[in-house]
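Have a look at the structure below before the remarks.
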Amino acid sequence: MLVEIDNLRVAFSTPSGWAEAVRGVSLTLGREKLGIVGESGSGKSLTARSLLRLLPGNARVQADRLAFDGTDVLTASEKQMRAIRGKRAGLILQDPKYSLNPVMTAGDQVAEAWRAHKGGSKRAARRAAVDLLAQVRIRDPARVAGAYPHELSGGMGQRVMIAMMLAPDPELLIADEPTSALDATVQAEILRLMEDLVSRRGMGLLLISHDLPLVGHFCDRVAVMYAGRVVEELRAGELAHARHPYTRGLLDCLPRLSHPEARLAVMHRDPAWLAA
Amino acid sequence: MIDIDGLRVRFGANEVVHGISLAVPRGGSFGLVGESGSGKSTILRAYSGLNPEWTGAMRLDGAELGRRRDRAFFRRVQMVFQDPYGSLHPRQTVDRALNEPLIVHGLEDRDARIARALSDVALPRNVRFRYPHQLSGGQRQRVAIARALMAEPDVLLLDEPTSALDVSVQAEVLNLLRDLQERRGLTYLLVSHNLAVVAHLCSVIGVMQGGDLVETLSAADLRAGRVRHPHTAELRALTVELEEDTAQPAAAG
């Protein structure tokens with residue numbers, strides 16, 4: 001197993017005591033595509049970030065087991081974590097505008113990622129960068145390598161981010177709302193690209209999103225989170241047969257192009273879901 | 001109610017809206033869809049008077065609109081933005097935010113109007129003296145809608161009103177917008193990138209691409225796939241493809 005999470009709890013210290021944001025999440029991930037879906041505040045991003053130990057200082061993480069490819073993340077040294085972050089597990093964030101360095105060309109940033117993890121000469125890194133940009137299907141990789149982030153569109157920027165994350169040949173890709181800032185046509189292209197690279201390289205993918213239909217379309221399995229817990233886990237093809245009322249609610253309250261309704265269903269949150 | 005004829009908008013040497021025309025009858029709703037940079041929000045901003053650099057003709061209720069709008073225009077036409085956190089003053093209470101349009105337009109009976117506006121958008125009364133950061137995203141968007149309604153406008157310009165909200169909250173806000181339209185006979189001009197949202201709220205839909213209005217069609221035609229322009233077909237296909245995965249078995253519907 002690439003990722004083992006058992007009974008993960010994340011809490012933040014507040015003036016009125018500990019506030020638990022993740023309340024006992026258990027998940028495993030092999031070389032497959034797992035989607036985590038939930039609304040804002042459901043704890044989906046915290047779950048993924050705990051795995052790389054990328055949480056703010058006032059967070060308290062507890063788990064029966066939290067492991068990346070056998071390495072216990074809770075007890076690993078900072079040095080061990082650095083060998084995982086970026087190198088073995090890449091993280092792609094929502095908006096490339098904020099994740100790319102604005103005063104460095106795209107090519108230099110990809111080359112830096114490659115050299116940091118693989119060493120080698122600057123010239124070799126530069127060649128590898130152009131090759132990686134071609135792998136994320138940028139049509140004119142040499143030109144884009146010389147461009148600054150503000151000269152790139154959102155979709156192009158996200159491709160550069162993906163190229164950067166692929167540079168050290170990671171085994172796991174964590175994508176946190178990777179396409180929420182992009183247009184629908186670009187969104188589909190980027191997800192297809194990620195899906196293709198992940199299956200071709202035999203990597204694991206953890207896709208975090210608020211968009212249940214989208215995740216269902218691109219992942220093998222989907223875990224639905226509500227208020228810090230996984231309320232339902234199902235195979236992507238079985239989305240239409242989801243049983244938990246929250247999952248059903250998420251699907252039913254969407255306006256649909258093919259099935260118009262005068263009023264949209266509104267979610268009635270059952271307090272029992274918190275305990276489930 | 002809304003008439004736009006040959007509207008062109010230019011930023012410096014760059015023309016971003018290339019002469020578009022549309023009309024919305026009183027009590028009607030028109031939705032503009034398109035990708036980022038297609039010019040849909042620019043049309044909204046030009047109509048609202050936020051951007052004076054335009055040529056062509058725009059009318060409200062038959063009256064020609066000039067570069068500068070009078071106070072009556074700003075009472076009759078109100079705008080709701082995408083991010084309520086960005087459009088509400090962080091250090092003003094809801095009460096203050098709702099009072100502002102009443103003061104500007106010299107409307108009496110402020111207390112009763114605010115109480116009514118809050119109940120119209122289904123917010124509890126105790127929200128009135130809270131600050132924006134004490135509210136949830138959905139509550140904040142309700143406050144933004146309530147504020148737009150304070151001056152009793154005829155037209156609401158809605159710029160991605162639900163894009164920053166969770167889907168369950170989006171459903172509540174969409175239902176609210178539809179109720180308000182029925183109750184008050186409002187005219188809507190809505191901008192969104194989400195085809196299903198636009199089709200839900202609007203009977204007529206305009207598809208924008210690269211500054212051109214490439215197709216105007218009814219929601220029914222869009223739903224049925226009776227589209228003419230390839231860009232409309234492409235946007236529709238992406239939406240329908242995702243919907244099919246989660247389509248419910250017929251029995252459950």
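To be explicit about the labels: the chains of the structure tokens are called A, B, and onward in the order shown, and within each one the residues are counted from 1, while ligands get numbers from 1 in the order they are shown.
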Query - All residues 9 Å or closer to Ala89 of chain A, only C-alpha atoms, same chain fewer than 2 positions away omitted, as a PyMOL selection string - result: chain A and resi 52+68+84-87+91+165+169-174
For the selection you just gave me, I'd like the residues written to a file as a tab-separated table (two decimals), in the first residue's frame, keeping C-alpha atoms.
chain	number	residue	atom	x	y	z
A	52	LEU	CA	2.98	15.21	3.85
A	68	PHE	CA	3.52	6.67	3.16
A	84	ILE	CA	9.09	12.21	0.55
A	85	ARG	CA	7.77	15.71	-0.14
A	86	GLY	CA	8.14	16.59	-3.78
A	87	LYS	CA	10.46	13.66	-4.49
A	91	LEU	CA	1.42	18.21	-4.56
A	165	MET	CA	5.76	17.70	-9.94
A	169	ASP	CA	9.34	10.69	-10.88
A	170	PRO	CA	7.09	10.58	-7.80
A	171	GLU	CA	5.02	7.55	-6.88
A	172	LEU	CA	2.08	9.58	-5.64
A	173	LEU	CA	0.45	12.72	-6.95
A	174	ILE	CA	-1.79	14.71	-4.61
Query - Residues of chain B within 9 Å of chain A, only C-alpha atoms counted, as number ranges by chain - result: B: 34-36, 165-172, 174-175, 178, 193-197, 199-200, 219, 222-224, 234-236, 238-249
Query - Straight-line distance linking atom CA of Leu44 of chain B with atom CA of His229 of chain B, stated in Å to one decimal - result: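 Taking atom CA of Leu44 of chain B and atom CA of His229 of chain B, their separation equals 22.7 Å.
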Report task. Quick one: everything within 9 Å of segment 22-37 of chain A, counting only C-alpha atoms, minus sequence neighbours fewer than 3 positions away in the same chain. Send it as a VMD selection string. Result -> chain A and resid 1 to 11 42 to 47 63 65 171 to 172 195 198 to 199 202 to 212 215 to 216 218 to 230 236
**Report entry** Polymer residues at most 12 Å from Gly106 of chain B, only C-alpha atoms, same-chain spacing of 4 or more positions, as JSON, numbers by chain
**Finding:** {"B": [71, 72, 75, 99, 100, 101, 102, 110, 150, 151]}
**Report entry** All residues 10 Å or closer to segment 12-23 of chain B, only C-alpha atoms, same chain fewer than 2 positions away omitted, as a PyMOL selection string
**Finding:** chain B and resi 1-10+25-26+28-30+37-40+42-43+53-59+189+204+206+208-214+216
Write out, as a tab-separated table (two decimals), in the first residue's frame, the residues just selected, with N, CA and C atoms.
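Generated output (selection-v9.tsv):
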chain	number	residue	atom	x	y	z
B	1	MET	N	-37.04	45.43	-21.36
B	1	MET	CA	-36.48	46.14	-20.19
B	1	MET	C	-35.01	46.51	-20.43
B	2	ILE	N	-34.23	45.48	-20.78
B	2	ILE	CA	-32.82	45.71	-21.11
B	2	ILE	C	-32.66	45.57	-22.61
B	3	ASP	N	-32.03	46.57	-23.21
B	3	ASP	CA	-31.76	46.52	-24.64
B	3	ASP	C	-30.30	46.86	-24.87
B	4	ILE	N	-29.59	45.98	-25.52
B	4	ILE	CA	-28.19	46.27	-25.84
B	4	ILE	C	-28.05	46.07	-27.34
B	5	ASP	N	-27.47	47.08	-28.00
B	5	ASP	CA	-27.44	47.05	-29.45
B	5	ASP	C	-26.04	47.40	-29.95
B	6	GLY	N	-25.38	46.47	-30.58
B	6	GLY	CA	-24.05	46.72	-31.16
B	6	GLY	C	-23.03	47.22	-30.15
B	7	LEU	N	-23.04	46.62	-28.96
B	7	LEU	CA	-22.11	47.07	-27.90
B	7	LEU	C	-20.68	46.62	-28.21
B	8	ARG	N	-19.77	47.61	-28.18
B	8	ARG	CA	-18.34	47.30	-28.30
B	8	ARG	C	-17.63	47.86	-27.09
B	9	VAL	N	-16.74	47.06	-26.50
B	9	VAL	CA	-15.97	47.56	-25.36
B	9	VAL	C	-14.50	47.37	-25.69
B	10	ARG	N	-13.72	48.38	-25.35
B	10	ARG	CA	-12.33	48.40	-25.74
B	10	ARG	C	-11.51	48.74	-24.50
B	25	PRO	N	-36.89	41.08	-21.99
B	25	PRO	CA	-38.17	41.71	-21.69
B	25	PRO	C	-38.35	41.89	-20.19
B	26	ARG	N	-39.29	42.73	-19.77
B	26	ARG	CA	-39.58	42.94	-18.36
B	26	ARG	C	-39.96	41.60	-17.71
B	28	GLY	N	-38.13	39.08	-17.55
B	28	GLY	CA	-37.45	37.95	-18.20
B	28	GLY	C	-36.08	37.72	-17.58
B	29	SER	N	-35.42	36.66	-18.04
B	29	SER	CA	-34.06	36.43	-17.56
B	29	SER	C	-33.21	35.94	-18.72
B	30	PHE	N	-32.04	36.56	-18.84
B	30	PHE	CA	-31.12	36.24	-19.93
B	30	PHE	C	-29.81	35.80	-19.29
B	37	GLY	N	-12.45	35.38	-20.15
B	37	GLY	CA	-11.93	36.18	-21.24
B	37	GLY	C	-12.85	36.27	-22.43
B	38	SER	N	-14.04	35.67	-22.34
B	38	SER	CA	-14.94	35.73	-23.50
B	38	SER	C	-15.70	37.05	-23.55
B	39	GLY	N	-15.65	37.82	-22.47
B	39	GLY	CA	-16.25	39.15	-22.48
B	39	GLY	C	-17.59	39.23	-21.80
B	40	LYS	N	-18.03	38.12	-21.16
B	40	LYS	CA	-19.38	38.11	-20.59
B	40	LYS	C	-19.52	39.08	-19.42
B	42	THR	N	-17.66	41.66	-18.88
B	42	THR	CA	-17.43	43.01	-19.39
B	42	THR	C	-18.74	43.64	-19.85
B	43	ILE	N	-19.61	42.84	-20.47
B	43	ILE	CA	-20.91	43.34	-20.91
B	43	ILE	C	-21.71	43.81	-19.70
B	53	GLU	N	-16.00	52.99	-21.05
B	53	GLU	CA	-15.34	52.93	-22.36
B	53	GLU	C	-16.09	52.02	-23.33
B	54	TRP	N	-17.25	52.44	-23.80
B	54	TRP	CA	-17.98	51.58	-24.72
B	54	TRP	C	-18.61	52.40	-25.84
B	55	THR	N	-18.96	51.74	-26.94
B	55	THR	CA	-19.73	52.38	-28.00
B	55	THR	C	-20.89	51.45	-28.35
B	56	GLY	N	-21.89	52.01	-29.04
B	56	GLY	CA	-23.10	51.24	-29.32
B	56	GLY	C	-24.25	51.88	-28.55
B	57	ALA	N	-25.33	51.14	-28.40
B	57	ALA	CA	-26.48	51.70	-27.71
B	57	ALA	C	-26.94	50.74	-26.62
B	58	MET	N	-27.28	51.32	-25.44
B	58	MET	CA	-27.86	50.50	-24.38
B	58	MET	C	-29.07	51.25	-23.84
B	59	ARG	N	-30.13	50.52	-23.60
B	59	ARG	CA	-31.36	51.15	-23.11
B	59	ARG	C	-31.88	50.40	-21.88
B	189	LEU	N	-30.17	39.72	-15.64
B	189	LEU	CA	-29.12	39.45	-16.62
B	189	LEU	C	-28.01	38.74	-15.85
B	204	VAL	N	-33.61	32.37	-21.78
B	204	VAL	CA	-32.83	32.61	-23.00
B	204	VAL	C	-31.36	32.68	-22.63
B	206	GLY	N	-27.28	33.27	-24.02
B	206	GLY	CA	-26.35	33.73	-25.04
B	206	GLY	C	-24.98	33.12	-24.78
B	208	MET	N	-21.03	33.18	-25.36
B	208	MET	CA	-19.96	34.10	-25.75
B	208	MET	C	-18.69	33.32	-26.08
B	209	GLN	N	-17.96	33.79	-27.08
B	209	GLN	CA	-16.63	33.24	-27.35
B	209	GLN	C	-15.77	34.34	-27.92
B	210	GLY	N	-14.66	34.61	-27.27
B	210	GLY	CA	-13.70	35.60	-27.75
B	210	GLY	C	-14.31	36.96	-28.08
B	211	GLY	N	-15.27	37.42	-27.26
B	211	GLY	CA	-15.83	38.75	-27.45
B	211	GLY	C	-17.01	38.80	-28.39
B	212	ASP	N	-17.39	37.67	-28.95
B	212	ASP	CA	-18.58	37.62	-29.83
B	212	ASP	C	-19.68	36.82	-29.15
B	213	LEU	N	-20.91	37.26	-29.39
B	213	LEU	CA	-22.06	36.47	-28.96
B	213	LEU	C	-22.33	35.50	-30.11
B	214	VAL	N	-21.84	34.26	-29.98
B	214	VAL	CA	-21.87	33.36	-31.14
B	214	VAL	C	-23.22	32.70	-31.35
B	216	THR	N	-27.51	32.71	-29.67
B	216	THR	CA	-28.54	32.98	-28.68
B	216	THR	C	-29.63	31.94	-28.88
Requested in this report: Step one, run DSSP on the backbone; step two, keep only residues of segment 87-271 of chain A assigned to alpha helix (DSSP H); then write them as a PyMOL selection string.
Outcome: chain A and resi 96-99+106-118+122-135+141-145+154-166+184-200+212-218+245-252
Query raised in the report: Can you list every residue in segment 9-192 of chain B that DSSP puts in strand (DSSP E), as an NGL selection string?
Result: :B and (9-11 or 14-24 or 29-33 or 54-60 or 63-64 or 77-80 or 155-159 or 187-192)
Could those residues be written to a file, using C-alpha atoms, as a CSV table (one decimal), in the first residue's frame?
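Contents of out_13.csv, freshly written:
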chain,number,residue,atom,x,y,z
B,9,VAL,CA,-16.0,47.6,-25.4
B,10,ARG,CA,-12.3,48.4,-25.7
B,11,PHE,CA,-9.5,48.4,-23.2
B,14,ASN,CA,-7.7,45.8,-27.4
B,15,GLU,CA,-11.3,45.3,-28.3
B,16,VAL,CA,-12.8,42.7,-25.9
B,17,VAL,CA,-16.5,42.9,-26.9
B,18,HIS,CA,-17.1,43.0,-30.7
B,19,GLY,CA,-20.5,44.4,-31.2
B,20,ILE,CA,-23.1,42.3,-29.4
B,21,SER,CA,-26.8,42.8,-29.2
B,22,LEU,CA,-29.3,41.3,-26.8
B,23,ALA,CA,-32.7,42.2,-25.3
B,24,VAL,CA,-34.4,41.1,-22.1
B,29,SER,CA,-34.1,36.4,-17.6
B,30,PHE,CA,-31.1,36.2,-19.9
B,31,GLY,CA,-28.0,34.2,-19.2
B,32,LEU,CA,-24.6,34.8,-20.7
B,33,VAL,CA,-22.2,31.8,-20.7
B,54,TRP,CA,-18.0,51.6,-24.7
B,55,THR,CA,-19.7,52.4,-28.0
B,56,GLY,CA,-23.1,51.2,-29.3
B,57,ALA,CA,-26.5,51.7,-27.7
B,58,MET,CA,-27.9,50.5,-24.4
B,59,ARG,CA,-31.4,51.1,-23.1
B,60,LEU,CA,-33.2,50.6,-19.8
B,63,ALA,CA,-34.6,55.1,-22.2
B,64,GLU,CA,-31.2,55.6,-23.8
B,77,VAL,CA,-30.4,48.5,-11.6
B,78,GLN,CA,-28.4,46.6,-9.0
B,79,MET,CA,-25.5,44.2,-9.2
B,80,VAL,CA,-24.6,41.0,-7.2
B,155,VAL,CA,-33.2,44.8,-12.8
B,156,LEU,CA,-30.6,42.6,-11.1
B,157,LEU,CA,-27.2,42.1,-12.8
B,158,LEU,CA,-25.8,38.8,-11.4
B,159,ASP,CA,-22.1,38.1,-12.0
B,187,THR,CA,-35.5,41.2,-14.7
B,188,TYR,CA,-32.3,39.2,-14.6
B,189,LEU,CA,-29.1,39.5,-16.6
B,190,LEU,CA,-26.9,36.6,-15.3
B,191,VAL,CA,-23.4,35.7,-16.1
B,192,SER,CA,-22.0,32.3,-15.4
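Across the model, the gap from atom CA of Met194 of chain A to atom CA of Ala164 of chain B is 24.7 Å.
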Report summary line: A straight line from atom CA of Ala128 of chain A to atom CA of Ala116 of chain A spans 12.7 Å
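Closest approach to Ile190 of chain A from the set A:Ile92, A:Ala19, A:Asp108, A:Leu66 is made by A:Ile92, with distances taken over only C-alpha atoms.
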**Report entry** Test item: residues at most 7 Å from Arg140 of chain B, only C-alpha atoms, excluding those fewer than 6 positions along its chain, as a VMD selection string
**Finding:** chain B and resid 84 to 85 132
Restricting the output to N, CA and C atoms, write the selected residues as a PDB file, in the first residue's frame.
ATOM      1  N   PRO B  84     -19.101  37.236  -2.137  1.00  0.00           N
ATOM      2  CA  PRO B  84     -19.715  38.150  -1.185  1.00  0.00           C
ATOM      3  C   PRO B  84     -18.706  38.644  -0.150  1.00  0.00           C
ATOM      4  N   TYR B  85     -17.635  37.870   0.085  1.00  0.00           N
ATOM      5  CA  TYR B  85     -16.651  38.301   1.073  1.00  0.00           C
ATOM      6  C   TYR B  85     -15.935  39.547   0.570  1.00  0.00           C
ATOM      7  N   PRO B 132     -19.564  40.505   8.415  1.00  0.00           N
ATOM      8  CA  PRO B 132     -19.465  39.472   7.372  1.00  0.00           C
ATOM      9  C   PRO B 132     -18.678  38.233   7.785  1.00  0.00           C
TER      10      PRO B 132
END
